[in-house]
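Following: one structure in structure tokens, then a few remarks.
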Amino acid sequence: MKKGEILQRIEIIHLCILCLFILSFAVSCAPELSPYSYAPPSKEYEWAPDDESGKYFPEKSDLATISQELTPYRDNLVLTQLIDVALQNSPQTEKAWAEARAAAAAWAVSRGSLYPTIDGAASAKRSKFDASSGLISFEQTTAELALSLDYLLLDFGGRIAEIEQAKQALISANWTQNKAIQDVVFNVTSAYYELIGNKSDVQADIENLQEAQTSLDAANLRLEVGLGTLPDVLQAQSSLAQAELNLVNDQGQVEISRGNLATAVGWGANEGYEIQEVDEDFEPALLSENVDNLIDIAMKSRPDLAATLALVRQSEAAIKSARSAMLPSLSTSGTLSQLYVWSGDSFFEGDAEENTNYQFGLTLAVPIFHGFALRNAVREAEADLDAVKATLKIQEQEVVSDVWDAYYTFQTSVQALAAAKKLLASSLESYNASLERYRSGVGDIIELLTAQSTLATSRSETVQAKTNIFVSYAQLVNAVGLSLPVSADGQTVEIPEFNKNNSNAQEENNEKTE
């Protein structure tokens, strides 16, 4: 063997060894051989993704901002504007709307079973057969056009039951969309009045701070003329510091509630805006409507209740569908085809030989034994119906509870506001009297600071009572399932009486929907 051949073989061996090394390395890294290398290294260490970490997280979506139409009102927004923006930006309503449209398309798909299924097919093939075993070799080209038809004639209500299931799913999705809209309106309204309440708390804190400063000035004055003591001044300073702390905390709550409202609207929490100041000097009256009447209205108006009822009807249709699967079904089918054959060395050479074929017939399918699956499917559907009916009962209890709680929260808030206003008036008079007594040397610092603390508390309770009135009324409207009434200027929620007209209008709406 020549030296050149030996070197060539050595090179080939080296190349084979290199290929084997590369192949073994690639195989050793395959998940099939080392799956644990793709998991966290141990129980106390976090999993570290590769450098392409961006593929594991969604891209940040651009949050909505104040539109050009609202830019002139950025510092003076009213409730109706915020609600309109929220309904356009809300991902909750977008999700519910998409699900409703998907349910509508699914219903349309189910109705496709009412029509026959017609399919077409076309094929072409070139064949060559060599001479063997005494056969003559030949070549041919074939082409075929075919139509097929299938149609279910009778299935004892199964097809109609499946369509009904899809229809009730659509109705449930539509009611869920209505509920999503009402929840968005309530969330915006609640956050709106929370912001107003926190801003009112800041105003009350400023007044409390001024009064605390007045008390401190009075204590310093008495100390200067020799009628007061240093502990009196120190207690007044502590009271002033507490008032400053309350102001700082409530200013922070204003910014938090501003962010919460922006989030409810669909903006980023850092969106800069202001709401229009509202006139809070009002005297709401207790609702004369009986709570039982409101519960009756809710039972005929709550979208989530109607959505659950649609699910009950969907489950009832599912039972009919499961039972029909145990019965025979009759269907028809047929095919019609046209075959073209060309013989020769070239494609489509010469005249084609044509053959027309067709086949039509009826099929009676009788379920005999399916491993008890059909009977158990009925049992499953019946159990699902019982579960959904139980869910409906739970929903009804929640409706009653929601209306009951919101009703008495509103009534209590109205009474609390009247009591808080009286307390505020008497506390202000008490503080002024205690301040004059302290300045004249008759009263002591404890009396003054106690009156000052009572006045600050009464201010806070008055603000909270006003906030609770609007929030609880919005909650009551949401619990009943009606639209939120807003004043003509769009600034605030109107508090009219519930009446039979609301109930009748909702009943008419329900009838149209059904």
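Identifiers in this document derive from the order of the structure tokens: chains are assigned A, B, ..., residues are numbered from 1 separately in each chain, and ligands are numbered from 1 in order of occurrence.
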
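Around segment 178-190 of chain A, within 7 Å and counting only C-alpha atoms, the residues found are A:Ile83, A:Leu87, A:Gln92, A:Thr93, A:Ala96, A:Asn174, A:Glu194, A:Leu261, A:Ala264, A:Val265, A:Pro303, A:Asp304, A:Val471, A:Ala474, A:Gln475, A:Asn478, once anything fewer than 4 positions away on its own chain is removed.
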
Problem set entry | Test item: residues at most 10 Å from segment 56-67 of chain A, only C-alpha atoms, excluding those fewer than 5 positions along its chain, as an MDAnalysis selection string | chainID A and resid 49:50 72:74 85 88:90 262:263 265:269 271:273

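The gap separating atom CA of Leu114 of chain A from atom CA of Ala146 of chain A is 23.1 Å, in Å to one decimal.
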
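Nearest residue to Val399 of chain A among A:Ser427, A:Thr467, A:Gln359, A:Ser301 is A:Ser301, counting only C-alpha atoms.
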
For this session: Could you tell me which of A:Val202, A:Leu423, A:Ala161, A:Val366 comes closest to Gln253 of chain A if we count only C-alpha atoms?
Result: A:Val202

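Proximity ranking of A:Ile17, A:Ala310, A:Ala479, A:Gly443 relative to Thr176 of chain A places A:Ala310 first, based on only C-alpha atoms.
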
For this session: Enumerate the residues of segment 197-423 of chain A with a DSSP assignment of strand (DSSP E or B), computed from the backbone, and present them as a ChimeraX atom specification.
Result: /A:267,275,329-343,353-365

For this session: Would you kindly return, as a ChimeraX atom specification, each protein, DNA or RNA residue with an atom no farther than 12 Å from any atom of Gly252 of chain A, considering only C-alpha atoms and excluding same-chain residues fewer than 6 positions away?
Result: /A:195,198-199,201-202,245-246,258-259

Create the file for the chosen residues now, containing N, CA and C atoms and written as a compact mmCIF listing (two decimals), in the first residue's frame.
```
# COMPACT_ATOMS: atom_id res chain seq x y z
N LEU A 195 -62.55 58.86 45.29
CA LEU A 195 -61.64 59.97 45.07
C LEU A 195 -62.22 61.27 45.62
N ASN A 198 -61.95 61.16 49.41
CA ASN A 198 -60.59 61.38 49.91
C ASN A 198 -60.17 62.84 49.76
N LYS A 199 -60.60 63.48 48.67
CA LYS A 199 -60.30 64.90 48.51
C LYS A 199 -61.04 65.73 49.57
N ASP A 201 -61.70 64.59 52.53
CA ASP A 201 -60.94 64.34 53.76
C ASP A 201 -59.76 65.30 53.87
N VAL A 202 -59.11 65.57 52.73
CA VAL A 202 -57.98 66.51 52.75
C VAL A 202 -58.45 67.90 53.15
N LEU A 245 -49.93 64.87 60.33
CA LEU A 245 -49.79 63.48 59.88
C LEU A 245 -51.05 63.01 59.16
N ASN A 246 -52.22 63.34 59.71
CA ASN A 246 -53.48 62.96 59.05
C ASN A 246 -53.59 63.58 57.65
N ARG A 258 -56.87 58.25 43.01
CA ARG A 258 -56.81 58.78 41.64
C ARG A 258 -56.29 57.69 40.69
N GLY A 259 -55.27 56.96 41.14
CA GLY A 259 -54.75 55.86 40.35
C GLY A 259 -55.77 54.74 40.19
```

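Between Ile196 of chain A and the residues A:Val414, A:Ala103, A:Val463, A:Val442, the shortest atom-to-atom distance, using only C-alpha atoms, involves A:Val463.
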
Problem set entry | Polymer residues at most 12 Å from segment 331-343 of chain A, only C-alpha atoms, same-chain spacing of 6 or more positions, as an MDAnalysis selection string | chainID A and resid 113 116:129 137:155 349:366

Exercise. Just how far from atom CA of Leu305 of chain A is atom CA of Gln395 of chain A, in Å to one decimal?
Worked result: 6.4 Å

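Rounded to one decimal, atom CA of Glu436 of chain A and atom CA of Lys421 of chain A lie 22.8 Å from each other.
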
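Of the listed residues (A:Ser321, A:Ser434, A:Ser34, A:Gln411), A:Ser321 comes nearest to Arg375 of chain A; the distances count only C-alpha atoms.
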